[in-house]
Amino acid sequence: MNTIGNSIRLTLFGASHDTCIGCVIDGIPAGFTVNPETITRDLTLRKPAPGIGTPRVEADVPEIVGLLEGKTTGAPLVIRIENTNINDSDYDELRRIPRPGHADYPAYAKYGVNHDIRGGGMFSGRMTTVLVSAGAVLRDFISAYGISVGSYTTSIGSVKDDTVYSADEIMQISHTNPLRAMTSEMEEAMREEILKAKADGDSVGGVIRCVSKGLPAGLGEPFFDTLDGEIAKAVFAIPGVKGIEFGAGFAAASLRGSENNDSYLMQDGVVSTKTNNAGGILGGMSNGAALEFSVAFKPTPSISKRQDSVDLFDEKDAELSVRGRHDPCIATRGAVVVEAMTIFVIADLLIRGGFVCRN
Ligand SMILES: Cc1cc2nc3c(=O)[nH]c(=O)nc-3n(C[C@H](O)[C@H](O)[C@H](O)COP(=O)(O)O)c2cc1C
């Protein structure tokens, strides 16, 4: 369904080429200030990188209903963003010849011709504009409790940044370049990798590492609504996400317990860990270390290179070369979306776990 969350609930509406997209967020405590600058900054991070991404760029100034003098009132917030840059003609062919890798065929199987195919409809990356806006609203909310969330690009195609960065370093770099790379050398190499794929009429995937600092120990609602489980669910809702691993992730399976366990130590009177293979989560609850996880984005499905598909109306094989406006790499734009979903889960669990008063 289109609703996520427990103590804070977010319901999405609209579609890529509908008149607008938006969401209703219910459960944010009253009296909290919504800062339009945070929303503008986060939405800028979702925009396509200049010279690389899709030419579909919109002003994206969200209208927010439910505030009194800039503060929440306890009523639901409605965020509404107009779709202004739409071009329906690009998508006619996709109704009968589905794009390999996109949601066109399963959506046709489920909704038939009623599915709004334009721009991918509700399966479009455009919907993530709403997620980022909601995340930005809640970024300031969790920041009031000393919690921050940041991310960077660890790999694009075959270009990998193997350096291990501290949470502080990641927070600092988080907002400085459109590819979300940690160094200018990495940014350049990643840019080249994307442009090479673009020149071939193709696309590339990438991996984003997300961190959160300042979480209180004990955040998460075992057995089933664990911190990692809730994050995984929220992050897998992002179109194009194909994997997530917390801390050492799959690599932990080839370590000994003595190597994988994060030994404890007292630091300034606080229980801390020497390493962070657990990614800051044990037993589905935060353990006081930084929350750390990586998210794999697949290559953008819409590519101009010719691909095999089928004609759904004539029931025969067909070829397809996707026209329209598409990004050769969605991972770098996806970084702030991953942050937004993480922020949402943290805010929800803070209230649910009684760390923050619901009024
Ligand atoms: C920010 C963002 C932008 C996206 N832009 C495109 C795009 O231009 N073309 C495309 O084919 N897919 C794009 N996607 C990915 C598709 O929406 C996604 O692959 C599709 O809905 C199928 O879902 P799945 O990959 O999660 O299975 C984008 C995803 C995100 C997060």
# chains A, B, ... in the order shown; residues from 1 in each chain; ligands from 1
$ closest_atom_pairs --of "chain A" --to "ligand 1" --cutoff "9 Å" --atoms "only C-alpha atoms and all ligand atoms" --output "JSON lines"
{"residue": "A:Arg46", "atom": "CA", "partner": "ligand 1", "partner_atom_place_in_ligand_line": "1 (C)", "distance": 6.5}
{"residue": "A:Lys47", "atom": "CA", "partner": "ligand 1", "partner_atom_place_in_ligand_line": "1 (C)", "distance": 8.0}
{"residue": "A:Pro48", "atom": "CA", "partner": "ligand 1", "partner_atom_place_in_ligand_line": "1 (C)", "distance": 8.3}
{"residue": "A:Gly53", "atom": "CA", "partner": "ligand 1", "partner_atom_place_in_ligand_line": "8 (O)", "distance": 8.3}
{"residue": "A:Thr54", "atom": "CA", "partner": "ligand 1", "partner_atom_place_in_ligand_line": "8 (O)", "distance": 6.6}
{"residue": "A:Arg56", "atom": "CA", "partner": "ligand 1", "partner_atom_place_in_ligand_line": "8 (O)", "distance": 8.8}
{"residue": "A:Arg99", "atom": "CA", "partner": "ligand 1", "partner_atom_place_in_ligand_line": "11 (O)", "distance": 7.9}
{"residue": "A:Gly101", "atom": "CA", "partner": "ligand 1", "partner_atom_place_in_ligand_line": "22 (C)", "distance": 6.3}
{"residue": "A:His102", "atom": "CA", "partner": "ligand 1", "partner_atom_place_in_ligand_line": "22 (C)", "distance": 4.2}
{"residue": "A:Ala103", "atom": "CA", "partner": "ligand 1", "partner_atom_place_in_ligand_line": "22 (C)", "distance": 4.6}
{"residue": "A:Asp104", "atom": "CA", "partner": "ligand 1", "partner_atom_place_in_ligand_line": "22 (C)", "distance": 8.1}
{"residue": "A:Gly119", "atom": "CA", "partner": "ligand 1", "partner_atom_place_in_ligand_line": "9 (N)", "distance": 8.2}
{"residue": "A:Gly120", "atom": "CA", "partner": "ligand 1", "partner_atom_place_in_ligand_line": "21 (O)", "distance": 6.8}
{"residue": "A:Gly121", "atom": "CA", "partner": "ligand 1", "partner_atom_place_in_ligand_line": "21 (O)", "distance": 8.9}
{"residue": "A:Met122", "atom": "CA", "partner": "ligand 1", "partner_atom_place_in_ligand_line": "21 (O)", "distance": 8.1}
{"residue": "A:Phe123", "atom": "CA", "partner": "ligand 1", "partner_atom_place_in_ligand_line": "21 (O)", "distance": 4.2}
{"residue": "A:Ser124", "atom": "CA", "partner": "ligand 1", "partner_atom_place_in_ligand_line": "17 (O)", "distance": 4.1}
{"residue": "A:Gly125", "atom": "CA", "partner": "ligand 1", "partner_atom_place_in_ligand_line": "3 (C)", "distance": 3.7}
{"residue": "A:Arg126", "atom": "CA", "partner": "ligand 1", "partner_atom_place_in_ligand_line": "3 (C)", "distance": 6.3}
{"residue": "A:Met127", "atom": "CA", "partner": "ligand 1", "partner_atom_place_in_ligand_line": "1 (C)", "distance": 8.2}
{"residue": "A:Thr128", "atom": "CA", "partner": "ligand 1", "partner_atom_place_in_ligand_line": "1 (C)", "distance": 6.1}
{"residue": "A:Thr129", "atom": "CA", "partner": "ligand 1", "partner_atom_place_in_ligand_line": "1 (C)", "distance": 7.8}
{"residue": "A:Phe236", "atom": "CA", "partner": "ligand 1", "partner_atom_place_in_ligand_line": "26 (O)", "distance": 7.3}
{"residue": "A:Ala237", "atom": "CA", "partner": "ligand 1", "partner_atom_place_in_ligand_line": "26 (O)", "distance": 7.2}
{"residue": "A:Ile238", "atom": "CA", "partner": "ligand 1", "partner_atom_place_in_ligand_line": "31 (C)", "distance": 5.6}
{"residue": "A:Pro239", "atom": "CA", "partner": "ligand 1", "partner_atom_place_in_ligand_line": "26 (O)", "distance": 3.8}
{"residue": "A:Gly240", "atom": "CA", "partner": "ligand 1", "partner_atom_place_in_ligand_line": "25 (O)", "distance": 3.4}
{"residue": "A:Val241", "atom": "CA", "partner": "ligand 1", "partner_atom_place_in_ligand_line": "26 (O)", "distance": 5.4}
{"residue": "A:Lys242", "atom": "CA", "partner": "ligand 1", "partner_atom_place_in_ligand_line": "26 (O)", "distance": 6.8}
{"residue": "A:Phe297", "atom": "CA", "partner": "ligand 1", "partner_atom_place_in_ligand_line": "25 (O)", "distance": 8.1}
{"residue": "A:Lys298", "atom": "CA", "partner": "ligand 1", "partner_atom_place_in_ligand_line": "25 (O)", "distance": 6.8}
{"residue": "A:Pro299", "atom": "CA", "partner": "ligand 1", "partner_atom_place_in_ligand_line": "19 (O)", "distance": 7.9}
{"residue": "A:Thr300", "atom": "CA", "partner": "ligand 1", "partner_atom_place_in_ligand_line": "12 (N)", "distance": 4.9}
{"residue": "A:Pro301", "atom": "CA", "partner": "ligand 1", "partner_atom_place_in_ligand_line": "11 (O)", "distance": 4.2}
{"residue": "A:Ser302", "atom": "CA", "partner": "ligand 1", "partner_atom_place_in_ligand_line": "11 (O)", "distance": 3.7}
{"residue": "A:Ile303", "atom": "CA", "partner": "ligand 1", "partner_atom_place_in_ligand_line": "11 (O)", "distance": 7.3}
{"residue": "A:Val322", "atom": "CA", "partner": "ligand 1", "partner_atom_place_in_ligand_line": "11 (O)", "distance": 8.7}
{"residue": "A:Gly324", "atom": "CA", "partner": "ligand 1", "partner_atom_place_in_ligand_line": "8 (O)", "distance": 8.6}
{"residue": "A:Arg325", "atom": "CA", "partner": "ligand 1", "partner_atom_place_in_ligand_line": "8 (O)", "distance": 6.3}
{"residue": "A:His326", "atom": "CA", "partner": "ligand 1", "partner_atom_place_in_ligand_line": "8 (O)", "distance": 3.4}
{"residue": "A:Asp327", "atom": "CA", "partner": "ligand 1", "partner_atom_place_in_ligand_line": "8 (O)", "distance": 4.6}
{"residue": "A:Pro328", "atom": "CA", "partner": "ligand 1", "partner_atom_place_in_ligand_line": "8 (O)", "distance": 7.5}
{"residue": "A:Cys329", "atom": "CA", "partner": "ligand 1", "partner_atom_place_in_ligand_line": "5 (N)", "distance": 8.0}
{"residue": "A:Ile330", "atom": "CA", "partner": "ligand 1", "partner_atom_place_in_ligand_line": "2 (C)", "distance": 5.1}
{"residue": "A:Ala331", "atom": "CA", "partner": "ligand 1", "partner_atom_place_in_ligand_line": "31 (C)", "distance": 7.1}
{"residue": "A:Thr332", "atom": "CA", "partner": "ligand 1", "partner_atom_place_in_ligand_line": "1 (C)", "distance": 8.1}
{"residue": "A:Arg333", "atom": "CA", "partner": "ligand 1", "partner_atom_place_in_ligand_line": "1 (C)", "distance": 5.1}
{"residue": "A:Gly334", "atom": "CA", "partner": "ligand 1", "partner_atom_place_in_ligand_line": "31 (C)", "distance": 4.8}
{"residue": "A:Ala335", "atom": "CA", "partner": "ligand 1", "partner_atom_place_in_ligand_line": "31 (C)", "distance": 8.5}
{"residue": "A:Val336", "atom": "CA", "partner": "ligand 1", "partner_atom_place_in_ligand_line": "1 (C)", "distance": 8.9}
{"residue": "A:Val337", "atom": "CA", "partner": "ligand 1", "partner_atom_place_in_ligand_line": "31 (C)", "distance": 7.0}
{"residue": "A:Val338", "atom": "CA", "partner": "ligand 1", "partner_atom_place_in_ligand_line": "31 (C)", "distance": 8.8}
$ select_by_dssp --residues "segment 107-215 of chain A" --states "helix (DSSP H, G or I)" --output "VMD selection string"
chain A and resid 107 to 114 118 to 123 125 to 143 167 to 173 184 to 199
$ write_last_selection --atoms "C-alpha atoms" --output "short mmCIF file (atom, residue, chain, number, x, y, z; two decimals), in the first residue's frame"
data_model
loop_
_atom_site.label_atom_id
_atom_site.label_comp_id
_atom_site.auth_asym_id
_atom_site.auth_seq_id
_atom_site.Cartn_x
_atom_site.Cartn_y
_atom_site.Cartn_z
CA ALA A 107 2.03 -2.86 -13.44
CA TYR A 108 0.17 -3.89 -16.63
CA ALA A 109 -0.34 -7.41 -15.23
CA LYS A 110 -1.76 -5.94 -12.00
CA TYR A 111 -3.68 -2.84 -13.14
CA GLY A 112 -4.19 -3.47 -16.86
CA VAL A 113 -4.56 -0.43 -19.12
CA ASN A 114 -5.73 1.63 -16.13
CA ARG A 118 3.26 8.20 -18.23
CA GLY A 119 6.75 8.65 -16.86
CA GLY A 120 6.42 5.35 -15.00
CA GLY A 121 3.36 6.66 -13.12
CA MET A 122 3.63 5.92 -9.40
CA PHE A 123 6.75 3.79 -10.02
CA GLY A 125 11.79 8.17 -9.48
CA ARG A 126 9.83 11.45 -9.51
CA MET A 127 7.92 10.17 -6.44
CA THR A 128 11.16 10.40 -4.48
CA THR A 129 10.84 14.22 -4.60
CA VAL A 130 8.06 13.76 -2.05
CA LEU A 131 10.10 11.36 0.09
CA VAL A 132 12.99 13.85 0.16
CA SER A 133 10.64 16.71 1.15
CA ALA A 134 9.18 14.63 3.99
CA GLY A 135 12.68 13.58 5.07
CA ALA A 136 13.81 17.22 5.11
CA VAL A 137 10.88 18.18 7.36
CA LEU A 138 11.86 15.41 9.77
CA ARG A 139 15.63 16.07 9.46
CA ASP A 140 15.21 19.18 11.59
CA PHE A 141 12.95 17.22 13.96
CA ILE A 142 15.59 14.54 14.70
CA SER A 143 18.37 17.12 14.68
CA ALA A 167 30.85 9.36 10.45
CA ASP A 168 32.09 12.92 11.08
CA GLU A 169 33.90 13.04 7.72
CA ILE A 170 30.80 11.73 5.94
CA MET A 171 28.57 14.34 7.58
CA GLN A 172 30.91 17.09 6.40
CA ILE A 173 31.20 15.99 2.77
CA SER A 184 37.26 15.49 -6.08
CA GLU A 185 39.36 12.67 -7.69
CA MET A 186 36.55 10.21 -6.98
CA GLU A 187 33.97 12.67 -8.27
CA GLU A 188 35.87 13.00 -11.54
CA ALA A 189 36.33 9.23 -11.98
CA MET A 190 32.65 8.58 -11.19
CA ARG A 191 31.55 11.32 -13.59
CA GLU A 192 33.63 9.74 -16.39
CA GLU A 193 32.15 6.30 -15.66
CA ILE A 194 28.62 7.69 -15.95
CA LEU A 195 29.38 9.68 -19.10
CA LYS A 196 30.94 6.60 -20.75
CA ALA A 197 27.73 4.64 -20.15
CA LYS A 198 25.65 7.58 -21.38
CA ALA A 199 27.71 7.77 -24.60
#
$ select_by_dssp --residues "segment 147-296 of chain A" --states "strand (DSSP E or B)" --output "number ranges by chain"
A: 148-156, 159-160, 206-213, 221, 225, 241-246, 264-267, 270-273, 281-282, 285-286, 291-296
$ write_last_selection --atoms "C-alpha atoms" --output "PDB file, in the first residue's frame"
ATOM      1  CA  SER A 148      22.210  13.622  12.093  1.00  0.00           C
ATOM      2  CA  VAL A 149      22.069  11.542   8.902  1.00  0.00           C
ATOM      3  CA  GLY A 150      24.456  11.742   5.935  1.00  0.00           C
ATOM      4  CA  SER A 151      25.628   9.636   3.003  1.00  0.00           C
ATOM      5  CA  TYR A 152      28.174   9.409   0.203  1.00  0.00           C
ATOM      6  CA  THR A 153      28.746   7.448  -2.985  1.00  0.00           C
ATOM      7  CA  THR A 154      31.093   4.490  -2.459  1.00  0.00           C
ATOM      8  CA  SER A 155      30.953   3.149  -6.009  1.00  0.00           C
ATOM      9  CA  ILE A 156      29.652   3.877  -9.489  1.00  0.00           C
ATOM     10  CA  VAL A 159      34.860   2.948  -9.844  1.00  0.00           C
ATOM     11  CA  LYS A 160      35.116   2.207  -6.106  1.00  0.00           C
ATOM     12  CA  GLY A 206      26.177   2.429  -7.738  1.00  0.00           C
ATOM     13  CA  VAL A 207      26.408   1.999  -3.991  1.00  0.00           C
ATOM     14  CA  ILE A 208      25.588   4.604  -1.337  1.00  0.00           C
ATOM     15  CA  ARG A 209      26.826   4.422   2.256  1.00  0.00           C
ATOM     16  CA  CYS A 210      24.518   6.060   4.779  1.00  0.00           C
ATOM     17  CA  VAL A 211      25.412   6.925   8.397  1.00  0.00           C
ATOM     18  CA  SER A 212      23.555   8.357  11.354  1.00  0.00           C
ATOM     19  CA  LYS A 213      25.156   9.833  14.476  1.00  0.00           C
ATOM     20  CA  GLU A 221      11.028  -2.345  18.449  1.00  0.00           C
ATOM     21  CA  ASP A 225       9.826  -3.810  14.009  1.00  0.00           C
ATOM     22  CA  VAL A 241      17.206  -0.214  -4.743  1.00  0.00           C
ATOM     23  CA  LYS A 242      18.363  -3.829  -4.987  1.00  0.00           C
ATOM     24  CA  GLY A 243      20.347  -4.471  -1.813  1.00  0.00           C
ATOM     25  CA  ILE A 244      21.181  -3.263   1.661  1.00  0.00           C
ATOM     26  CA  GLU A 245      23.828  -4.392   4.120  1.00  0.00           C
ATOM     27  CA  PHE A 246      24.367  -3.148   7.650  1.00  0.00           C
ATOM     28  CA  TYR A 264      33.169  -2.434  24.157  1.00  0.00           C
ATOM     29  CA  LEU A 265      35.041   0.305  25.982  1.00  0.00           C
ATOM     30  CA  MET A 266      34.064   3.220  28.225  1.00  0.00           C
ATOM     31  CA  GLN A 267      34.683   6.556  26.505  1.00  0.00           C
ATOM     32  CA  VAL A 270      29.647   6.320  27.692  1.00  0.00           C
ATOM     33  CA  VAL A 271      29.542   2.660  26.570  1.00  0.00           C
ATOM     34  CA  SER A 272      31.248   2.660  23.139  1.00  0.00           C
ATOM     35  CA  THR A 273      32.625   0.095  20.679  1.00  0.00           C
ATOM     36  CA  ILE A 281      22.608  -2.304  15.499  1.00  0.00           C
ATOM     37  CA  LEU A 282      22.407  -5.372  17.763  1.00  0.00           C
ATOM     38  CA  MET A 285      18.189  -1.959  18.423  1.00  0.00           C
ATOM     39  CA  SER A 286      20.782   0.797  18.130  1.00  0.00           C
ATOM     40  CA  LEU A 291      24.300   3.563  12.384  1.00  0.00           C
ATOM     41  CA  GLU A 292      26.012   2.504   9.131  1.00  0.00           C
ATOM     42  CA  PHE A 293      24.714   0.704   6.080  1.00  0.00           C
ATOM     43  CA  SER A 294      25.222   0.477   2.310  1.00  0.00           C
ATOM     44  CA  VAL A 295      22.535   0.522  -0.363  1.00  0.00           C
ATOM     45  CA  ALA A 296      22.923  -0.845  -3.909  1.00  0.00           C
TER      46      ALA A 296
END
$ closest_residue --among "A:Pro36, A:Gly269, A:Gly247, A:Gly353" --to "Ser7 of chain A" --atoms "only C-alpha atoms"
A:Gly353
$ closest_residue --among "A:Leu320, A:Ile52, A:Ala59, A:Val164" --to "Lys305 of chain A" --atoms "only C-alpha atoms"
A:Leu320
$ closest_residue --among "A:Thr33, A:Asn277, A:Asn287, A:Thr183" --to "Leu255 of chain A" --atoms "only C-alpha atoms"
A:Asn277
$ closest_residue --among "A:Asn177, A:Ser258, A:Ser304, A:Ser16" --to "Thr84 of chain A" --atoms "only C-alpha atoms"
A:Ser16
$ residues_around --residues "segment 61-74 of chain A" --least-positions-apart "6" --cutoff "6 Å" --atoms "only C-alpha atoms" --output "MDAnalysis selection string"
chainID A and resid 29:34 80:81
